[in-house]
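Reproduced below: start.tsv, with TSV, C-alpha atoms and all ligand atoms.
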chain	number	residue	atom	x	y	z
J	1	MET	CA	83.80	72.15	110.24
J	2	ASP	CA	81.86	72.97	107.08
J	3	ARG	CA	80.52	76.50	106.74
J	4	LYS	CA	78.00	78.02	104.35
J	5	ALA	CA	79.38	81.15	102.70
J	6	LYS	CA	78.26	83.65	100.12
J	7	ALA	CA	80.93	83.75	97.42
J	8	VAL	CA	81.60	85.45	94.09
J	9	VAL	CA	81.93	82.74	91.45
J	10	CYS	CA	82.80	82.60	87.76
J	11	ARG	CA	80.68	79.79	86.30
J	12	GLU	CA	81.65	80.31	82.66
J	13	TRP	CA	84.21	82.49	80.86
J	14	GLY	CA	82.60	85.52	79.27
J	15	GLN	CA	79.64	85.59	81.69
J	16	PRO	CA	79.08	88.08	84.54
J	17	VAL	CA	80.17	86.94	88.01
J	18	GLN	CA	77.54	85.28	90.22
J	19	VAL	CA	76.97	85.47	93.95
J	20	GLU	CA	76.27	81.97	95.28
J	21	THR	CA	76.05	80.20	98.59
J	22	ILE	CA	78.84	77.65	98.70
J	23	THR	CA	80.26	75.27	101.30
J	24	VAL	CA	83.72	75.96	102.69
J	25	GLU	CA	85.21	72.93	104.41
J	26	GLY	CA	87.36	73.24	107.51
J	27	PRO	CA	91.15	73.17	107.36
J	28	LYS	CA	93.21	70.05	106.75
J	29	ARG	CA	96.86	69.74	107.79
J	30	ASP	CA	98.80	73.03	107.43
J	31	GLU	CA	95.64	74.97	106.51
J	32	ILE	CA	93.58	77.65	108.22
J	33	THR	CA	90.03	78.90	107.81
J	34	VAL	CA	89.66	82.66	107.69
J	35	LYS	CA	86.50	84.73	108.18
J	36	ILE	CA	87.00	87.31	105.46
J	37	ALA	CA	86.47	90.94	106.45
J	38	ALA	CA	87.33	92.73	103.18
J	39	CYS	CA	88.35	91.79	99.64
J	40	GLY	CA	89.52	94.14	96.90
J	41	VAL	CA	88.30	93.77	93.32
J	42	CYS	CA	91.36	93.48	91.05
J	43	HIS	CA	91.48	93.51	87.26
J	44	SER	CA	93.07	90.05	87.48
J	45	ASP	CA	89.80	88.71	88.95
J	46	HIS	CA	88.02	90.03	85.88
J	47	SER	CA	90.70	88.51	83.62
J	48	ALA	CA	89.93	85.12	85.18
J	49	THR	CA	86.28	85.52	84.11
J	50	THR	CA	87.24	86.03	80.46
J	51	GLY	CA	89.92	83.34	80.18
J	52	LYS	CA	92.70	85.95	79.79
J	53	ILE	CA	93.99	84.41	83.00
J	54	PRO	CA	93.02	80.84	82.09
J	55	TYR	CA	91.95	79.41	85.45
J	56	PRO	CA	89.23	76.82	84.83
J	57	ALA	CA	85.64	77.52	85.91
J	58	PRO	CA	83.83	77.10	88.19
J	59	LEU	CA	86.14	79.41	90.12
J	60	VAL	CA	85.73	81.30	93.38
J	61	LEU	CA	87.28	84.71	92.72
J	62	GLY	CA	89.34	86.93	95.02
J	63	HIS	CA	93.00	87.10	95.98
J	64	GLU	CA	93.27	90.44	97.80
J	65	ALA	CA	91.69	90.00	101.22
J	66	ALA	CA	92.13	90.37	104.94
J	67	GLY	CA	90.33	88.50	107.68
J	68	VAL	CA	90.48	86.74	111.03
J	69	VAL	CA	91.63	83.16	111.58
J	70	ILE	CA	88.74	81.15	113.03
J	71	GLU	CA	90.02	77.57	112.76
J	72	VAL	CA	93.49	76.05	112.39
J	73	GLY	CA	94.33	72.64	110.97
J	74	GLU	CA	96.66	70.00	112.33
J	75	GLY	CA	100.33	70.97	112.45
J	76	VAL	CA	99.72	74.73	112.22
J	77	THR	CA	102.00	76.62	114.60
J	78	ALA	CA	102.45	80.01	112.89
J	79	PHE	CA	98.77	81.05	113.21
J	80	LYS	CA	96.17	80.87	115.95
J	81	GLU	CA	92.48	81.74	116.18
J	82	GLY	CA	92.00	85.51	116.28
J	83	ASP	CA	95.10	86.36	114.22
J	84	HIS	CA	94.60	88.92	111.44
J	85	VAL	CA	95.89	87.68	108.10
J	86	VAL	CA	96.22	88.89	104.52
J	87	SER	CA	95.97	86.45	101.61
J	88	SER	CA	98.91	85.97	99.24
J	89	PHE	CA	98.12	84.59	95.79
J	90	ILE	CA	101.70	83.36	95.75
J	91	SER	CA	102.08	80.13	97.67
J	92	MET	CA	105.60	80.19	99.11
J	93	CYS	CA	106.94	76.91	100.44
J	94	GLY	CA	110.03	78.51	101.99
J	95	LYS	CA	112.19	75.51	101.09
J	96	CYS	CA	112.71	75.35	97.31
J	97	ARG	CA	115.69	76.90	95.51
J	98	GLN	CA	113.77	80.09	94.61
J	99	CYS	CA	112.40	80.58	98.12
J	100	VAL	CA	115.78	80.09	99.79
J	101	ARG	CA	117.43	82.53	97.39
J	102	GLY	CA	114.93	85.16	98.46
J	103	ARG	CA	112.56	84.95	95.46
J	104	PRO	CA	109.38	83.42	96.92
J	105	VAL	CA	107.18	84.80	94.10
J	106	LEU	CA	109.00	82.29	91.88
J	107	CYS	CA	108.45	79.42	94.36
J	108	GLU	CA	108.79	76.11	92.51
J	109	ASN	CA	105.80	74.72	94.39
J	110	ALA	CA	103.58	77.75	93.68
J	111	ARG	CA	102.70	76.37	90.25
J	112	LYS	CA	100.80	73.60	92.01
J	113	ALA	CA	98.68	76.26	93.73
J	114	MET	CA	97.26	78.30	90.84
J	115	PHE	CA	93.56	77.47	91.14
J	116	THR	CA	93.57	74.78	93.84
J	117	LEU	CA	95.31	74.49	97.18
J	118	PRO	CA	98.94	73.27	96.89
J	119	ASP	CA	97.91	69.59	97.19
J	120	GLY	CA	95.73	69.90	94.06
J	121	THR	CA	92.41	69.67	95.93
J	122	VAL	CA	89.91	72.32	97.07
J	123	ARG	CA	87.85	72.94	100.22
J	124	THR	CA	85.10	74.72	98.28
J	125	LYS	CA	81.95	73.02	97.01
J	126	GLY	CA	78.97	74.26	95.02
J	127	ALA	CA	75.31	73.56	95.77
J	128	ASP	CA	75.50	70.15	94.04
J	129	GLY	CA	78.63	69.18	95.97
J	130	GLU	CA	80.86	69.88	92.97
J	131	ASP	CA	84.43	71.17	93.44
J	132	LEU	CA	84.92	74.91	92.96
J	133	ASN	CA	88.41	76.07	92.00
J	134	VAL	CA	89.92	79.02	93.87
J	135	PHE	CA	91.73	81.99	92.31
J	136	GLY	CA	95.44	81.89	93.22
J	137	ALA	CA	94.84	79.20	95.91
J	138	CYS	CA	92.85	81.91	97.74
J	139	GLY	CA	89.22	82.28	96.56
J	140	VAL	CA	88.74	85.01	99.16
J	141	MET	CA	85.86	86.91	97.56
J	142	ALA	CA	83.72	84.93	99.97
J	143	GLU	CA	82.57	85.07	103.57
J	144	TYR	CA	84.98	82.26	104.52
J	145	ALA	CA	88.08	80.79	102.90
J	146	THR	CA	90.24	77.82	103.82
J	147	MET	CA	93.81	78.41	102.67
J	148	HIS	CA	97.19	76.76	103.06
J	149	VAL	CA	99.44	78.57	105.54
J	150	ASP	CA	101.88	79.21	102.65
J	151	ASN	CA	99.23	81.59	101.19
J	152	CYS	CA	98.71	83.61	104.36
J	153	VAL	CA	100.63	86.41	106.06
J	154	LYS	CA	100.00	87.54	109.64
J	155	VAL	CA	99.55	91.32	109.99
J	156	ASP	CA	99.16	93.91	112.72
J	157	GLU	CA	95.65	94.09	114.14
J	158	SER	CA	95.64	97.89	114.32
J	159	VAL	CA	95.31	98.32	110.53
J	160	PRO	CA	91.70	98.54	109.26
J	161	MET	CA	90.83	95.36	107.37
J	162	GLN	CA	89.85	97.10	104.13
J	163	ASN	CA	93.28	98.74	103.99
J	164	ALA	CA	95.18	95.60	104.97
J	165	ALA	CA	93.35	93.65	102.23
J	166	LEU	CA	94.79	95.84	99.47
J	167	VAL	CA	98.33	94.94	100.51
J	168	GLY	CA	97.58	91.40	99.30
J	169	CYS	CA	97.71	92.57	95.68
J	170	ALA	CA	97.36	96.17	94.44
J	171	VAL	CA	99.68	97.84	96.94
J	172	MET	CA	102.29	95.10	97.03
J	173	THR	CA	102.25	94.81	93.24
J	174	GLY	CA	102.59	98.54	92.50
J	175	VAL	CA	104.87	99.58	95.34
J	176	GLY	CA	106.89	96.37	95.07
J	177	ALA	CA	107.48	96.89	91.33
J	178	VAL	CA	109.14	100.20	92.28
J	179	PHE	CA	110.97	99.14	95.46
J	180	ASN	CA	111.87	95.52	94.78
J	181	THR	CA	111.83	94.96	91.01
J	182	ALA	CA	113.13	98.28	89.68
J	183	LYS	CA	114.82	99.58	92.84
J	184	VAL	CA	114.09	103.20	91.83
J	185	GLU	CA	116.72	105.62	93.17
J	186	PRO	CA	115.96	109.15	94.49
J	187	GLY	CA	115.97	111.73	91.70
J	188	SER	CA	114.81	109.25	89.03
J	189	ARG	CA	112.51	110.15	86.18
J	190	THR	CA	109.63	107.72	85.97
J	191	ALA	CA	106.45	106.99	84.02
J	192	VAL	CA	103.46	104.82	84.89
J	193	PHE	CA	101.13	103.51	82.16
J	194	GLY	CA	97.65	102.51	83.40
J	195	ILE	CA	96.36	104.19	86.54
J	196	GLY	CA	94.24	101.48	88.14
J	197	GLY	CA	94.68	100.16	91.67
J	198	VAL	CA	98.09	98.82	90.64
J	199	GLY	CA	99.31	101.89	88.72
J	200	LEU	CA	98.29	104.27	91.53
J	201	ASN	CA	100.47	102.23	93.85
J	202	ALA	CA	103.37	102.35	91.42
J	203	ILE	CA	102.94	106.14	91.55
J	204	GLN	CA	102.99	106.29	95.32
J	205	GLY	CA	105.95	103.89	95.34
J	206	CYS	CA	107.81	106.33	93.08
J	207	VAL	CA	106.93	109.17	95.47
J	208	ALA	CA	108.23	107.18	98.47
J	209	ALA	CA	111.39	106.30	96.52
J	210	GLY	CA	112.07	110.02	95.91
J	211	ALA	CA	111.54	110.12	92.14
J	212	GLU	CA	111.98	113.58	90.61
J	213	MET	CA	109.43	113.16	87.82
J	214	ILE	CA	106.43	110.83	87.80
J	215	VAL	CA	104.43	110.91	84.56
J	216	ALA	CA	101.04	109.18	84.70
J	217	VAL	CA	99.62	107.92	81.38
J	218	ASP	CA	96.01	106.77	80.98
J	219	ASN	CA	93.02	107.31	78.69
J	220	ASN	CA	90.65	108.25	81.53
J	221	GLU	CA	90.72	111.83	82.87
J	222	LYS	CA	89.33	110.75	86.26
J	223	LYS	CA	92.25	108.35	86.68
J	224	LEU	CA	94.71	111.11	85.80
J	225	GLN	CA	93.14	113.28	88.51
J	226	MET	CA	93.62	110.43	90.99
J	227	ALA	CA	97.21	110.09	89.78
J	228	ARG	CA	97.87	113.74	90.68
J	229	GLU	CA	96.37	113.16	94.14
J	230	PHE	CA	98.75	110.22	94.62
J	231	GLY	CA	101.79	112.30	93.62
J	232	ALA	CA	102.17	112.22	89.84
J	233	THR	CA	104.07	115.33	88.74
J	234	HIS	CA	102.71	115.20	85.16
J	235	THR	CA	99.82	113.47	83.39
J	236	ILE	CA	99.24	112.50	79.79
J	237	ASN	CA	95.87	111.52	78.38
J	238	ILE	CA	96.72	109.18	75.50
J	239	ASN	CA	93.53	110.22	73.72
J	240	GLU	CA	94.95	113.72	73.40
J	241	VAL	CA	98.39	112.87	71.98
J	242	GLU	CA	99.50	111.08	68.85
J	243	ASP	CA	102.04	108.86	70.56
J	244	GLY	CA	102.15	108.35	74.34
J	245	ALA	CA	105.81	107.31	74.43
J	246	ARG	CA	106.89	110.34	72.42
J	247	ALA	CA	104.89	112.62	74.73
J	248	VAL	CA	106.62	111.14	77.80
J	249	LYS	CA	110.03	111.53	76.14
J	250	LYS	CA	109.31	115.13	75.23
J	251	LEU	CA	108.43	115.92	78.84
J	252	THR	CA	111.28	114.04	80.51
J	253	GLY	CA	114.03	113.56	77.95
J	254	GLY	CA	113.48	109.81	78.44
J	255	VAL	CA	112.68	108.14	81.76
J	256	ASP	CA	114.89	105.95	83.93
J	257	TYR	CA	112.00	103.66	84.84
J	258	ALA	CA	108.65	102.97	83.17
J	259	PHE	CA	105.94	100.75	84.64
J	260	GLU	CA	103.36	99.06	82.42
J	261	CYS	CA	100.24	98.45	84.53
J	262	VAL	CA	97.73	97.64	81.77
J	263	GLY	CA	98.61	94.20	80.38
J	264	ALA	CA	98.90	94.72	76.60
J	265	GLY	CA	101.84	94.34	74.21
J	266	PRO	CA	101.37	97.76	72.54
J	267	VAL	CA	101.49	99.47	75.96
J	268	VAL	CA	104.64	97.49	76.88
J	269	GLU	CA	106.16	98.81	73.65
J	270	GLN	CA	105.25	102.37	74.70
J	271	ALA	CA	106.79	101.86	78.14
J	272	TYR	CA	110.00	100.57	76.56
J	273	LYS	CA	110.11	103.32	73.92
J	274	CYS	CA	109.82	106.17	76.43
J	275	LEU	CA	112.98	105.09	78.28
J	276	GLY	CA	116.15	107.13	78.17
J	277	ARG	CA	119.49	105.41	77.71
J	278	GLY	CA	120.12	102.94	80.53
J	279	GLY	CA	116.42	102.86	81.38
J	280	THR	CA	114.35	99.94	82.65
J	281	ALA	CA	110.76	99.11	81.68
J	282	VAL	CA	108.89	96.91	84.15
J	283	VAL	CA	105.90	94.92	82.91
J	284	VAL	CA	103.32	94.53	85.67
J	285	GLY	CA	100.11	94.14	83.63
J	286	VAL	CA	99.00	90.58	82.92
J	287	SER	CA	98.40	90.11	79.21
J	288	ASP	CA	96.63	87.40	77.28
J	289	PRO	CA	98.98	84.35	76.98
J	290	LYS	CA	99.04	84.87	73.18
J	291	ASP	CA	99.97	88.56	73.39
J	292	LYS	CA	103.33	89.59	71.91
J	293	THR	CA	105.62	92.59	72.40
J	294	SER	CA	108.01	93.89	69.75
J	295	ILE	CA	111.06	96.02	70.55
J	296	THR	CA	114.06	97.22	68.56
J	297	THR	CA	116.71	94.66	69.46
J	298	LEU	CA	119.67	96.99	68.98
J	299	THR	CA	118.45	99.30	71.74
J	300	LEU	CA	119.12	96.57	74.31
J	301	PRO	CA	122.93	96.65	73.90
J	302	ALA	CA	123.44	100.08	72.37
J	303	ASP	CA	121.31	101.96	74.93
J	304	GLU	CA	121.71	99.41	77.73
J	305	LYS	CA	117.94	99.27	78.12
J	306	THR	CA	116.25	96.61	80.26
J	307	LEU	CA	112.81	95.04	79.84
J	308	LYS	CA	111.74	93.01	82.84
J	309	GLY	CA	108.66	91.68	84.57
J	310	SER	CA	107.32	91.94	88.09
J	311	TRP	CA	105.09	89.37	89.79
J	312	LEU	CA	103.35	90.55	92.98
J	313	GLY	CA	105.99	93.29	93.14
J	314	SER	CA	108.81	90.71	93.50
J	315	ALA	CA	107.48	90.38	97.04
J	316	ARG	CA	108.80	88.48	99.96
J	317	PRO	CA	105.25	88.51	101.39
J	318	GLN	CA	106.14	87.57	104.98
J	319	TYR	CA	108.59	90.51	105.05
J	320	ASP	CA	107.04	92.99	102.63
J	321	PHE	CA	103.35	92.92	103.69
J	322	PRO	CA	104.15	94.04	107.27
J	323	ARG	CA	106.79	96.47	105.90
J	324	ILE	CA	104.22	98.14	103.64
J	325	LEU	CA	101.69	98.37	106.47
J	326	GLY	CA	104.46	99.98	108.56
J	327	LEU	CA	104.98	102.62	105.85
J	328	TYR	CA	101.22	103.27	105.92
J	329	ARG	CA	101.24	103.70	109.70
J	330	ALA	CA	104.19	106.08	109.32
J	331	GLY	CA	102.13	108.19	106.89
J	332	LYS	CA	104.36	107.36	103.91
J	333	LEU	CA	101.80	105.40	101.87
J	334	LYS	CA	98.16	106.26	101.24
J	335	LEU	CA	95.83	103.31	101.81
J	336	ASP	CA	92.64	105.00	103.06
J	337	GLU	CA	92.47	107.07	99.86
J	338	LEU	CA	92.75	103.93	97.71
J	339	VAL	CA	89.34	102.68	98.80
J	340	THR	CA	87.00	104.75	96.65
J	341	ARG	CA	83.93	102.66	97.37
J	342	THR	CA	82.92	99.65	99.43
J	343	TYR	CA	80.30	97.10	98.32
J	344	HIS	CA	78.14	94.42	99.94
J	345	ILE	CA	78.91	91.01	98.43
J	346	ASP	CA	75.45	90.95	96.81
J	347	ASP	CA	76.62	93.95	94.74
J	348	ALA	CA	79.80	92.25	93.47
J	349	PRO	CA	78.64	92.39	89.79
J	350	GLN	CA	78.32	96.18	90.18
J	351	ALA	CA	81.83	96.34	91.68
J	352	PHE	CA	83.24	94.60	88.58
J	353	ASP	CA	81.29	96.94	86.25
J	354	ASP	CA	82.59	99.98	88.15
J	355	MET	CA	86.18	98.73	87.85
J	356	LEU	CA	85.79	98.28	84.09
J	357	ALA	CA	84.27	101.76	83.83
J	358	GLY	CA	87.31	103.18	85.66
J	359	LYS	CA	85.23	104.64	88.51
J	360	ASN	CA	87.34	103.52	91.46
J	361	ALA	CA	90.94	103.63	92.66
J	362	ARG	CA	89.91	100.34	94.25
J	363	GLY	CA	86.47	98.95	94.98
J	364	VAL	CA	86.41	96.75	98.06
J	365	ILE	CA	83.81	94.18	99.13
J	366	VAL	CA	83.30	94.37	102.89
J	367	PHE	CA	81.69	91.59	104.91
J	368	ASP	CA	79.48	91.85	108.02
J	401	LIG	P1	92.36	98.54	86.57
J	401	LIG	O1	91.31	98.05	85.65
J	401	LIG	O2	91.98	99.04	87.92
J	401	LIG	O3	93.23	99.67	85.85
J	401	LIG	C1	93.71	99.60	84.54
J	401	LIG	C2	93.95	101.03	84.05
J	401	LIG	O4	94.56	101.00	82.76
J	401	LIG	C3	92.67	101.86	83.93
J	401	LIG	O5	92.83	103.09	84.60
J	401	LIG	C4	92.54	102.06	82.41
J	401	LIG	O6	91.92	103.30	82.10
J	401	LIG	C5	93.99	102.04	81.97
J	401	LIG	N1	94.23	101.72	80.56
J	401	LIG	C6	93.56	100.84	79.77
J	401	LIG	N2	94.11	100.81	78.52
J	401	LIG	C7	95.14	101.70	78.55
J	401	LIG	C8	96.11	102.12	77.59
J	401	LIG	N3	96.11	101.61	76.35
J	401	LIG	N4	97.04	103.02	77.96
J	401	LIG	C9	97.06	103.55	79.21
J	401	LIG	N5	96.16	103.18	80.17
J	401	LIG	C10	95.22	102.28	79.84
J	401	LIG	O7	93.42	97.33	86.74
J	401	LIG	P2	94.41	96.97	87.96
J	401	LIG	O8	93.68	96.14	88.95
J	401	LIG	O9	95.15	98.18	88.36
J	401	LIG	O10	95.39	95.95	87.19
J	401	LIG	C11	96.25	96.42	86.16
J	401	LIG	C12	96.95	95.27	85.49
J	401	LIG	O11	97.86	94.65	86.41
J	401	LIG	C13	96.02	94.14	85.04
J	401	LIG	O12	96.54	93.59	83.84
J	401	LIG	C14	96.14	93.13	86.15
J	401	LIG	O13	95.81	91.82	85.73
J	401	LIG	C15	97.62	93.26	86.46
J	401	LIG	N6	98.09	92.76	87.74
J	401	LIG	C16	99.34	92.24	87.77
J	401	LIG	C17	99.86	91.75	88.94
J	401	LIG	C18	101.25	91.19	88.99
J	401	LIG	O14	101.60	90.51	89.96
J	401	LIG	N7	102.09	91.43	88.01
J	401	LIG	C19	99.09	91.81	90.11
J	401	LIG	C20	97.83	92.42	90.05
J	401	LIG	C21	97.33	92.89	88.86
J	402	ZN	ZN	95.34	91.34	91.92
In structure tokens, what does this structure look like?
Amino acid sequence: MDRKAKAVVCREWGQPVQVETITVEGPKRDEITVKIAACGVCHSDHSATTGKIPYPAPLVLGHEAAGVVIEVGEGVTAFKEGDHVVSSFISMCGKCRQCVRGRPVLCENARKAMFTLPDGTVRTKGADGEDLNVFGACGVMAEYATMHVDNCVKVDESVPMQNAALVGCAVMTGVGAVFNTAKVEPGSRTAVFGIGGVGLNAIQGCVAAGAEMIVAVDNNEKKLQMAREFGATHTININEVEDGARAVKKLTGGVDYAFECVGAGPVVEQAYKCLGRGGTAVVVGVSDPKDKTSITTLTLPADEKTLKGSWLGSARPQYDFPRILGLYRAGKLKLDELVTRTYHIDDAPQAFDDMLAGKNARGVIVFD
């Protein structure tokens, strides 16, 4: 059935987000409708409002949410009404070459589900009946969302919704970059550039992995304070040093792993430069498609350095989302502390402003 829903929409790149009442259609085959309980505000949502992530407007934002299944479409067997689910902005078909080799974030079919559902259509309509695209095949910054089952992961009902939501992006991305992409060993020396929701999770991933040194690098003192609370052993404010990479090297002698959680070529260069011999820099931040990174080619062979990327923490969502929530229940990951502030959906523009001002570890929109 059709449902009216308040939703956070980008109508035009470069303009503030708008809260609108939209229509969310019921599920078709292999789809479910979810009543959203909580949705985190991620920098990637903002990037989709500027065209840095070039999803066409009009676009319903949101890709980091948890909610309850309220309607299932034909053919759905893995979900039933009442199940708690977390959205995954990676659509994983489970059948293509990448999925069967254990790399669902590279799913060959996922490219069809960037700003529509996997079949290229949407279940979201504006006031004039026009189609509204959906961020990452999710569009979950809304009271209701109809998603394909390939974009949903069932989770334990005991976890508070606002915590579970964050596993859909920030936690999986940061912790996964450490666990899955880099595979940080105990005793490693590490650095994290950019202490937003993603970077904080890279820090706590490094803690859980047993890193010896964790250097947090940001230009915002409040973020560096949060970094210490999440387990950073050292902090560097880039406004107070001439060269961030050199400062990290001076402290550590060169790190084994560096994580770039900003999304800018010059910061990627810093992350690569602060590596010791044999080190790996992992690019997590999403840059403008035209952005370029320059590195000294000889250091690749001569120092056996690695520069690699990480998409949703190289997740296997159906395995990793419950695994991360298990680590939270075991007291090994902080999720409560990540939620600095919750917002009513009517205050979504404020939540975006607060993220850009660096006020929150994560701001989360909670629904009645
Ligand atoms: P955020 O806005 O919450 O945090 C960004 C942080 O970077 C802020 O603390 C800011 O002060 C800091 N910063 C800005 N410029 C800096 C610089 N030059 N040097 C050091 N720090 C700097 O953002 P977020 O939600 O944590 O997202 C971070 C990045 O990760 C974004 O680019 C986002 O699009 C991307 N992202 C990637 C994935 C993925 O799958 N790879 C998933 C989610 C988000
Ligand atoms: Zn995100």
Using all atoms listed in the file, determine which residues lie at most 6 Å from stretch 120-132 of chain J, disregarding the query and same-chain residues fewer than 5 positions distant; provide the list as a PDB file with C-alpha atoms, in the coordinates of the input.
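Result saved to around.pdb:
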ATOM      1  CA  ILE J  22      78.840  77.650  98.700  1.00  0.00           C
ATOM      2  CA  THR J  23      80.260  75.270 101.300  1.00  0.00           C
ATOM      3  CA  VAL J  24      83.720  75.960 102.690  1.00  0.00           C
ATOM      4  CA  GLU J  25      85.210  72.930 104.410  1.00  0.00           C
ATOM      5  CA  PRO J  58      83.830  77.100  88.190  1.00  0.00           C
ATOM      6  CA  LEU J  59      86.140  79.410  90.120  1.00  0.00           C
TER       7      LEU J  59
END
Mind working out the centre and edge lengths of an axis-aligned box for ligand LIG 401 (chain J), all listed atoms inside, 4 Å added to each side, rounded to one decimal in Å and written as JSON?
{"center_x": 96.7, "center_y": 97.0, "center_z": 83.2, "size_x": 18.8, "size_y": 21.0, "size_z": 21.8}
List every residue of chain J that has an atom at most 6 Å from any atom of ligand LIG 401 (chain J), giving for each one its closest atom pair and the distance in Å to one decimal, counting only C-alpha atoms and all ligand atoms, sorted by chain and then by ascending residue number, as JSON lines.
{"residue": "J:Cys42", "atom": "CA", "partner": "J:LIG401", "partner_atom": "O8", "distance": 4.1}
{"residue": "J:His43", "atom": "CA", "partner": "J:LIG401", "partner_atom": "O8", "distance": 3.8}
{"residue": "J:Ser44", "atom": "CA", "partner": "J:LIG401", "partner_atom": "O13", "distance": 3.7}
{"residue": "J:Cys169", "atom": "CA", "partner": "J:LIG401", "partner_atom": "C20", "distance": 5.6}
{"residue": "J:Ala170", "atom": "CA", "partner": "J:LIG401", "partner_atom": "C20", "distance": 5.8}
{"residue": "J:Thr173", "atom": "CA", "partner": "J:LIG401", "partner_atom": "C19", "distance": 5.4}
{"residue": "J:Phe193", "atom": "CA", "partner": "J:LIG401", "partner_atom": "C9", "distance": 5.0}
{"residue": "J:Gly194", "atom": "CA", "partner": "J:LIG401", "partner_atom": "O4", "distance": 3.5}
{"residue": "J:Ile195", "atom": "CA", "partner": "J:LIG401", "partner_atom": "O5", "distance": 4.2}
{"residue": "J:Gly196", "atom": "CA", "partner": "J:LIG401", "partner_atom": "O3", "distance": 3.1}
{"residue": "J:Gly197", "atom": "CA", "partner": "J:LIG401", "partner_atom": "O9", "distance": 3.9}
{"residue": "J:Val198", "atom": "CA", "partner": "J:LIG401", "partner_atom": "O9", "distance": 3.8}
{"residue": "J:Gly199", "atom": "CA", "partner": "J:LIG401", "partner_atom": "O9", "distance": 5.6}
{"residue": "J:Val217", "atom": "CA", "partner": "J:LIG401", "partner_atom": "C9", "distance": 5.5}
{"residue": "J:Asp218", "atom": "CA", "partner": "J:LIG401", "partner_atom": "N5", "distance": 3.7}
{"residue": "J:Asn219", "atom": "CA", "partner": "J:LIG401", "partner_atom": "O6", "distance": 5.4}
{"residue": "J:Asn220", "atom": "CA", "partner": "J:LIG401", "partner_atom": "O6", "distance": 5.1}
{"residue": "J:Lys223", "atom": "CA", "partner": "J:LIG401", "partner_atom": "O5", "distance": 5.7}
{"residue": "J:Cys261", "atom": "CA", "partner": "J:LIG401", "partner_atom": "C12", "distance": 4.7}
{"residue": "J:Val262", "atom": "CA", "partner": "J:LIG401", "partner_atom": "C12", "distance": 4.5}
{"residue": "J:Gly263", "atom": "CA", "partner": "J:LIG401", "partner_atom": "O12", "distance": 4.1}
{"residue": "J:Val267", "atom": "CA", "partner": "J:LIG401", "partner_atom": "N3", "distance": 5.8}
{"residue": "J:Val284", "atom": "CA", "partner": "J:LIG401", "partner_atom": "N7", "distance": 4.1}
{"residue": "J:Gly285", "atom": "CA", "partner": "J:LIG401", "partner_atom": "O11", "distance": 3.6}
{"residue": "J:Val286", "atom": "CA", "partner": "J:LIG401", "partner_atom": "O12", "distance": 4.0}
{"residue": "J:Ser310", "atom": "CA", "partner": "J:LIG401", "partner_atom": "N7", "distance": 5.3}
{"residue": "J:Trp311", "atom": "CA", "partner": "J:LIG401", "partner_atom": "O14", "distance": 3.7}
{"residue": "J:Leu312", "atom": "CA", "partner": "J:LIG401", "partner_atom": "O14", "distance": 3.5}
{"residue": "J:Met355", "atom": "CA", "partner": "J:LIG401", "partner_atom": "O1", "distance": 5.6}
{"residue": "J:Leu356", "atom": "CA", "partner": "J:LIG401", "partner_atom": "O1", "distance": 5.7}
{"residue": "J:Gly358", "atom": "CA", "partner": "J:LIG401", "partner_atom": "O5", "distance": 5.6}
Using the selection just defined, write its residues with C-alpha atoms as a compact mmCIF listing (two decimals), in the frame of the given file.
# COMPACT_ATOMS: atom_id res chain seq x y z
CA CYS J 42 91.36 93.48 91.05
CA HIS J 43 91.48 93.51 87.26
CA SER J 44 93.07 90.05 87.48
CA CYS J 169 97.71 92.57 95.68
CA ALA J 170 97.36 96.17 94.44
CA THR J 173 102.25 94.81 93.24
CA PHE J 193 101.13 103.51 82.16
CA GLY J 194 97.65 102.51 83.40
CA ILE J 195 96.36 104.19 86.54
CA GLY J 196 94.24 101.48 88.14
CA GLY J 197 94.68 100.16 91.67
CA VAL J 198 98.09 98.82 90.64
CA GLY J 199 99.31 101.89 88.72
CA VAL J 217 99.62 107.92 81.38
CA ASP J 218 96.01 106.77 80.98
CA ASN J 219 93.02 107.31 78.69
CA ASN J 220 90.65 108.25 81.53
CA LYS J 223 92.25 108.35 86.68
CA CYS J 261 100.24 98.45 84.53
CA VAL J 262 97.73 97.64 81.77
CA GLY J 263 98.61 94.20 80.38
CA VAL J 267 101.49 99.47 75.96
CA VAL J 284 103.32 94.53 85.67
CA GLY J 285 100.11 94.14 83.63
CA VAL J 286 99.00 90.58 82.92
CA SER J 310 107.32 91.94 88.09
CA TRP J 311 105.09 89.37 89.79
CA LEU J 312 103.35 90.55 92.98
CA MET J 355 86.18 98.73 87.85
CA LEU J 356 85.79 98.28 84.09
CA GLY J 358 87.31 103.18 85.66
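In terms of minimum interatomic distance to J:Gly174, J:Gly205 ranks closest within J:Gly205, J:Pro118, J:Pro186, J:Pro56, counting all atoms listed in the file.
Shell of J:Phe352 at 10 Å, with only C-alpha atoms counted and residues fewer than 5 places along the chain excluded, is Pro16, Val17, Val41, Cys42, His43, Asp45, His46, Asp347, Ala357, Gly358 and Gly363 of chain J.
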Write to file, as an mmCIF file, keeping the file's coordinate frame, the residues of the selection just made, with C-alpha atoms.
data_model
loop_
_atom_site.group_PDB
_atom_site.id
_atom_site.type_symbol
_atom_site.label_atom_id
_atom_site.label_comp_id
_atom_site.auth_asym_id
_atom_site.auth_seq_id
_atom_site.Cartn_x
_atom_site.Cartn_y
_atom_site.Cartn_z
ATOM 1 C CA PRO J 16 79.080 88.080 84.540
ATOM 2 C CA VAL J 17 80.170 86.940 88.010
ATOM 3 C CA VAL J 41 88.300 93.770 93.320
ATOM 4 C CA CYS J 42 91.360 93.480 91.050
ATOM 5 C CA HIS J 43 91.480 93.510 87.260
ATOM 6 C CA ASP J 45 89.800 88.710 88.950
ATOM 7 C CA HIS J 46 88.020 90.030 85.880
ATOM 8 C CA ASP J 347 76.620 93.950 94.740
ATOM 9 C CA ALA J 357 84.270 101.760 83.830
ATOM 10 C CA GLY J 358 87.310 103.180 85.660
ATOM 11 C CA GLY J 363 86.470 98.950 94.980
#
